[in-house]
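S.K.: structure_7.txt is reproduced below (compact mmCIF, C-alpha atoms).
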# COMPACT_ATOMS: atom_id res chain seq x y z
CA ILE A 1 127.45 -50.29 -149.30
CA LEU A 2 128.25 -47.64 -146.70
CA THR A 3 128.02 -50.22 -143.91
CA MET A 4 130.41 -52.55 -145.71
CA LYS A 5 132.83 -49.69 -146.38
CA THR A 6 132.77 -48.76 -142.69
CA SER A 7 133.31 -52.37 -141.69
CA ILE A 8 136.30 -52.71 -143.99
CA GLN A 9 137.76 -49.45 -142.70
CA THR A 10 137.30 -50.72 -139.17
CA LEU A 11 139.01 -53.98 -140.08
CA VAL A 12 141.90 -52.12 -141.67
CA THR A 13 142.32 -50.07 -138.51
CA LEU A 14 142.14 -53.19 -136.35
CA ALA A 15 144.56 -54.99 -138.63
CA SER A 16 147.07 -52.17 -138.32
CA LEU A 17 146.78 -52.32 -134.55
CA LEU A 18 147.09 -56.07 -134.55
CA SER A 19 150.09 -56.11 -136.86
CA ALA A 20 151.99 -53.96 -134.40
CA SER A 21 150.93 -55.92 -131.35
CA ALA A 22 149.56 -59.25 -132.57
CA PHE A 23 151.66 -61.29 -130.18
CA SER A 24 152.02 -58.83 -127.33
CA PRO A 25 150.23 -59.69 -124.08
CA SER A 26 147.30 -57.35 -124.67
CA ALA A 27 146.68 -54.54 -127.11
CA PHE A 28 143.45 -53.58 -125.39
CA VAL A 29 143.61 -53.16 -121.64
CA PRO A 30 140.19 -53.38 -119.97
CA LYS A 31 139.23 -50.50 -117.73
CA THR A 32 138.69 -51.42 -114.12
CA ALA A 33 137.16 -49.42 -111.35
CA LEU A 34 137.19 -49.80 -107.61
CA THR A 35 133.65 -50.12 -106.28
CA GLN A 36 132.70 -49.70 -102.65
CA ARG A 37 129.93 -51.93 -101.38
CA ASN A 38 127.77 -50.92 -98.43
CA MET A 39 126.26 -53.98 -96.79
CA PHE A 40 123.15 -52.56 -95.11
CA SER A 41 122.02 -49.91 -97.54
CA GLY A 42 120.02 -50.31 -100.72
CA ALA A 43 122.02 -47.40 -102.08
CA GLY A 44 125.42 -49.10 -101.97
CA ALA A 45 128.06 -46.95 -103.62
CA ALA A 46 125.39 -44.39 -104.52
CA ALA A 47 124.94 -43.48 -100.84
CA PRO A 48 126.46 -40.11 -99.97
CA LYS A 49 129.08 -40.06 -97.28
CA GLU A 50 127.79 -38.73 -93.96
CA ASP A 51 130.22 -35.81 -93.97
CA ASP A 52 129.54 -34.76 -97.58
CA GLU A 53 126.65 -32.30 -97.21
CA GLY A 54 127.11 -30.94 -100.75
CA LYS A 55 126.77 -34.39 -102.31
CA LEU A 56 123.67 -35.13 -100.22
CA ALA A 57 122.07 -31.82 -101.21
CA GLU A 58 122.89 -32.46 -104.87
CA MET A 59 121.35 -35.93 -104.71
CA GLU A 60 118.22 -34.58 -102.99
CA GLN A 61 117.91 -31.96 -105.73
CA MET A 62 118.30 -34.58 -108.50
CA ALA A 63 115.78 -36.88 -106.80
CA LYS A 64 113.28 -34.04 -106.44
CA ALA A 65 113.73 -33.07 -110.11
CA MET A 66 112.85 -36.65 -111.09
CA GLY A 67 109.92 -36.86 -108.69
CA MET A 68 111.62 -39.46 -106.49
CA SER A 69 112.52 -39.79 -102.86
CA ILE A 70 116.23 -39.78 -102.03
CA ASP A 71 115.99 -43.53 -101.25
CA GLU A 72 114.45 -44.26 -104.65
CA TYR A 73 117.08 -42.14 -106.38
CA GLN A 74 119.90 -43.92 -104.53
CA LEU A 75 118.36 -47.28 -105.41
CA GLY A 76 118.25 -46.30 -109.08
CA MET A 77 121.87 -45.15 -109.03
CA ASN A 78 123.00 -48.34 -107.30
CA ALA A 79 121.04 -50.48 -109.76
CA ARG A 80 122.67 -48.62 -112.67
CA MET A 81 126.15 -49.19 -111.19
CA ARG A 82 125.41 -52.89 -110.75
CA MET A 83 124.24 -53.13 -114.36
CA GLU A 84 127.41 -51.39 -115.58
CA GLU A 85 129.55 -53.86 -113.60
CA ASP A 86 127.63 -56.77 -115.15
CA ILE A 87 128.11 -55.39 -118.66
CA ASN A 88 131.82 -54.68 -118.08
CA GLY A 89 132.25 -58.21 -116.72
CA LEU A 90 130.72 -59.94 -119.72
CA ARG A 91 133.20 -61.90 -121.85
CA LEU A 92 131.64 -63.00 -125.11
CA THR A 93 133.45 -65.03 -127.75
CA ALA A 94 132.68 -65.74 -131.37
CA GLY A 95 134.54 -67.57 -134.09
CA ASP A 96 136.63 -70.71 -133.98
CA GLU A 97 140.11 -71.71 -132.83
CA ASN A 98 141.71 -70.06 -135.91
CA VAL A 99 139.83 -66.74 -135.95
CA LYS A 100 138.28 -65.64 -132.67
CA VAL A 101 136.92 -62.45 -131.12
CA GLU A 102 136.50 -61.88 -127.39
CA ARG A 103 134.72 -58.76 -126.16
CA ASP A 104 132.82 -57.33 -123.24
CA GLY A 105 129.20 -56.17 -123.24
CA ASN A 106 129.88 -52.48 -123.88
CA SER A 107 129.11 -50.78 -127.16
CA PRO A 108 131.72 -49.93 -128.31
CA PRO A 109 133.69 -52.56 -126.42
CA GLN A 110 136.26 -51.60 -123.80
CA HIS A 111 137.69 -55.12 -123.90
CA LEU A 112 138.32 -56.47 -127.41
CA VAL A 113 140.73 -59.26 -128.28
CA ILE A 114 140.98 -60.57 -131.85
CA THR A 115 142.97 -63.74 -132.31
CA VAL A 116 144.06 -64.93 -135.76
CA THR A 117 146.31 -67.99 -135.96
CA GLU A 118 148.62 -68.84 -138.84
CA GLU A 119 145.97 -71.27 -140.08
CA GLY A 120 143.44 -68.43 -139.95
CA LYS A 121 145.75 -66.26 -142.04
CA SER A 122 146.22 -69.05 -144.57
CA ILE A 123 142.62 -68.74 -145.85
CA GLY A 124 143.55 -65.54 -147.67
CA LYS A 125 142.98 -61.85 -147.11
CA GLU A 126 139.47 -61.58 -148.59
CA ALA A 127 138.19 -64.73 -146.90
CA LEU A 128 139.71 -63.60 -143.58
CA GLU A 129 138.11 -60.14 -143.90
CA THR A 130 134.72 -61.71 -144.63
CA LYS A 131 135.08 -64.14 -141.73
CA LEU A 132 136.15 -61.36 -139.34
CA VAL A 133 133.15 -59.21 -140.31
CA GLU A 134 130.82 -62.16 -139.63
CA ILE A 135 132.50 -62.96 -136.32
CA LEU A 136 132.44 -59.31 -135.21
CA LYS A 137 128.72 -59.11 -136.05
CA ASP A 138 128.07 -62.31 -134.10
CA ALA A 139 130.01 -61.03 -131.08
CA SER A 140 128.12 -57.73 -131.31
CA GLU A 141 124.77 -59.56 -131.30
CA GLN A 142 125.86 -61.59 -128.28
CA SER A 143 126.87 -58.33 -126.60
CA LYS A 144 123.45 -56.82 -127.28
CA LYS A 145 121.75 -59.85 -125.74
CA GLY A 146 124.08 -59.62 -122.74
CA ARG A 147 123.22 -55.95 -122.23
CA GLU A 148 119.50 -56.76 -122.47
CA ALA A 149 119.92 -59.53 -119.86
CA ALA A 150 121.82 -57.13 -117.57
CA GLN A 151 119.04 -54.57 -117.95
CA GLY A 152 116.44 -57.22 -117.09
CA LYS A 153 118.47 -58.20 -114.03
CA MET A 154 118.63 -54.53 -113.01
CA MET A 155 114.85 -54.15 -113.31
CA GLN A 156 114.32 -57.30 -111.24
CA TYR A 157 116.71 -55.95 -108.58
CA ILE A 158 114.84 -52.63 -108.46
CA GLY A 159 111.50 -54.46 -108.13
CA GLU A 160 112.80 -56.59 -105.26
CA GLN A 161 114.26 -53.58 -103.47
CA MET A 162 111.09 -51.52 -103.97
CA LYS A 163 109.05 -54.30 -102.30
CA GLY A 164 111.36 -54.03 -99.30
CA MET A 165 110.87 -50.25 -99.26
CA GLY A 166 107.08 -50.64 -99.35
CA GLY A 167 106.90 -49.46 -102.97
CA PRO A 168 104.77 -50.80 -105.86
CA GLN A 169 104.47 -54.57 -105.95
Could you quickly redo this structure as structure tokens?

M.R.:
Amino acid sequence: ILTMKTSIQTLVTLASLLSASAFSPSAFVPKTALTQRNMFSGAGAAAPKEDDEGKLAEMEQMAKAMGMSIDEYQLGMNARMRMEEDINGLRLTAGDENVKVERDGNSPPQHLVITVTEEGKSIGKEALETKLVEILKDASEQSKKGREAAQGKMMQYIGEQMKGMGGPQ
């Protein structure tokens, strides 16, 4: 009962947001970040800049605390950033042409678009609420699977990079 109550409260909140901006270009603006890519380093954006001694010392300290070399630490940080980009880039949809949810892979989502057409509204408030709850659950499950796939891809990337570094096979 508590879960259902929370879901209905969430739907009410979403409905109030949608009623104010249902036909505006986008009520939810996805967050974007600029990512620097270093071509010849396994560390990528995790690599400290040559002139930033403080950052390098901090990274060495963190790596030592985790029992890693600086290269392994940088690899882990780069792999994490790649996974976050994959999850942010996911676009998962659930529903049909009348009631549809689009979201990213984050939990909670940073990108969430709920579309309800006039035909979708015509099924009635209770039926629409029930359908939205089902669609949101489906989109959430798809998101979970997407995150798991991104994590698997990250682990594969780390394994490949470790082979190149002479690490465990």

S.K.: To one decimal place, how far is atom CA of A:Asp138 from atom CA of A:Glu97 in Å?

M.R.: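 Separation between atom CA of A:Asp138 and atom CA of A:Glu97: 15.3 Å.
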
S.K.: Counting all atoms listed in the file, what is within 12 Å of A:Leu136, bar same-chain residues fewer than 6 positions away, as an NGL selection string?

M.R.: :A and (7-8 or 10-11 or 14 or 92-95 or 99-103 or 108-109 or 112-115 or 128-130 or 142-143)

S.K.: Could you tell me how far atom CA of A:Met155 lies from atom CA of A:Ala79, in Å and to one decimal?

M.R.: 8.0 Å

S.K.: Please measure the separation of atom CA of A:Ile135 and atom CA of A:Asp104, giving the value in Å to one decimal.

M.R.: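 Pair atom CA of A:Ile135 / atom CA of A:Asp104 returns 14.2 Å.
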
S.K.: Would you compute, for all listed atoms of stretch 154-162 of chain A, the axis-aligned bounding box grown by 5 Å on each side, and then report its centre and edge lengths in Å rounded to one decimal, as JSON?

M.R.:
{"center_x": 114.9, "center_y": -54.4, "center_z": -108.4, "size_x": 17.5, "size_y": 15.8, "size_z": 19.8}

S.K.: Could stretch 134-157 of chain A be completed with N, CA and C atoms and returned as a short mmCIF file (atom, residue, chain, number, x, y, z; two decimals), keeping the file's coordinate frame?

M.R.:
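And here's result03.cif as it stands now:
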data_model
loop_
_atom_site.label_atom_id
_atom_site.label_comp_id
_atom_site.auth_asym_id
_atom_site.auth_seq_id
_atom_site.Cartn_x
_atom_site.Cartn_y
_atom_site.Cartn_z
N GLU A 134 131.88 -61.28 -140.15
CA GLU A 134 130.82 -62.16 -139.63
C GLU A 134 131.00 -62.40 -138.14
N ILE A 135 132.22 -62.67 -137.72
CA ILE A 135 132.50 -62.96 -136.32
C ILE A 135 132.26 -61.71 -135.47
N LEU A 136 132.67 -60.55 -135.95
CA LEU A 136 132.44 -59.31 -135.21
C LEU A 136 130.95 -59.02 -135.07
N LYS A 137 130.18 -59.30 -136.13
CA LYS A 137 128.72 -59.11 -136.05
C LYS A 137 128.12 -60.07 -135.03
N ASP A 138 128.57 -61.32 -135.05
CA ASP A 138 128.07 -62.31 -134.10
C ASP A 138 128.39 -61.90 -132.66
N ALA A 139 129.61 -61.46 -132.42
CA ALA A 139 130.01 -61.03 -131.08
C ALA A 139 129.20 -59.80 -130.66
N SER A 140 128.92 -58.92 -131.61
CA SER A 140 128.12 -57.73 -131.31
C SER A 140 126.69 -58.11 -130.94
N GLU A 141 126.12 -59.08 -131.63
CA GLU A 141 124.77 -59.56 -131.30
C GLU A 141 124.75 -60.20 -129.92
N GLN A 142 125.77 -60.99 -129.61
CA GLN A 142 125.86 -61.59 -128.28
C GLN A 142 125.96 -60.50 -127.21
N SER A 143 126.71 -59.45 -127.52
CA SER A 143 126.87 -58.33 -126.60
C SER A 143 125.54 -57.64 -126.35
N LYS A 144 124.77 -57.46 -127.41
CA LYS A 144 123.45 -56.82 -127.28
C LYS A 144 122.56 -57.66 -126.38
N LYS A 145 122.56 -58.97 -126.58
CA LYS A 145 121.75 -59.85 -125.74
C LYS A 145 122.23 -59.80 -124.29
N GLY A 146 123.53 -59.72 -124.09
CA GLY A 146 124.08 -59.62 -122.74
C GLY A 146 123.67 -58.33 -122.05
N ARG A 147 123.66 -57.23 -122.80
CA ARG A 147 123.22 -55.95 -122.23
C ARG A 147 121.74 -56.01 -121.87
N GLU A 148 120.94 -56.63 -122.74
CA GLU A 148 119.50 -56.76 -122.47
C GLU A 148 119.28 -57.61 -121.22
N ALA A 149 120.05 -58.68 -121.05
CA ALA A 149 119.92 -59.53 -119.86
C ALA A 149 120.32 -58.74 -118.60
N ALA A 150 121.39 -57.95 -118.70
CA ALA A 150 121.82 -57.13 -117.57
C ALA A 150 120.76 -56.10 -117.21
N GLN A 151 120.11 -55.53 -118.21
CA GLN A 151 119.04 -54.57 -117.95
C GLN A 151 117.86 -55.26 -117.27
N GLY A 152 117.51 -56.45 -117.73
CA GLY A 152 116.44 -57.22 -117.09
C GLY A 152 116.77 -57.54 -115.64
N LYS A 153 118.01 -57.91 -115.40
CA LYS A 153 118.47 -58.20 -114.03
C LYS A 153 118.37 -56.94 -113.17
N MET A 154 118.72 -55.79 -113.74
CA MET A 154 118.63 -54.53 -113.01
C MET A 154 117.18 -54.23 -112.64
N MET A 155 116.26 -54.42 -113.58
CA MET A 155 114.85 -54.15 -113.31
C MET A 155 114.30 -55.09 -112.24
N GLN A 156 114.73 -56.34 -112.26
CA GLN A 156 114.32 -57.30 -111.24
C GLN A 156 114.85 -56.86 -109.88
N TYR A 157 116.10 -56.43 -109.83
CA TYR A 157 116.71 -55.95 -108.58
C TYR A 157 115.92 -54.75 -108.03
#
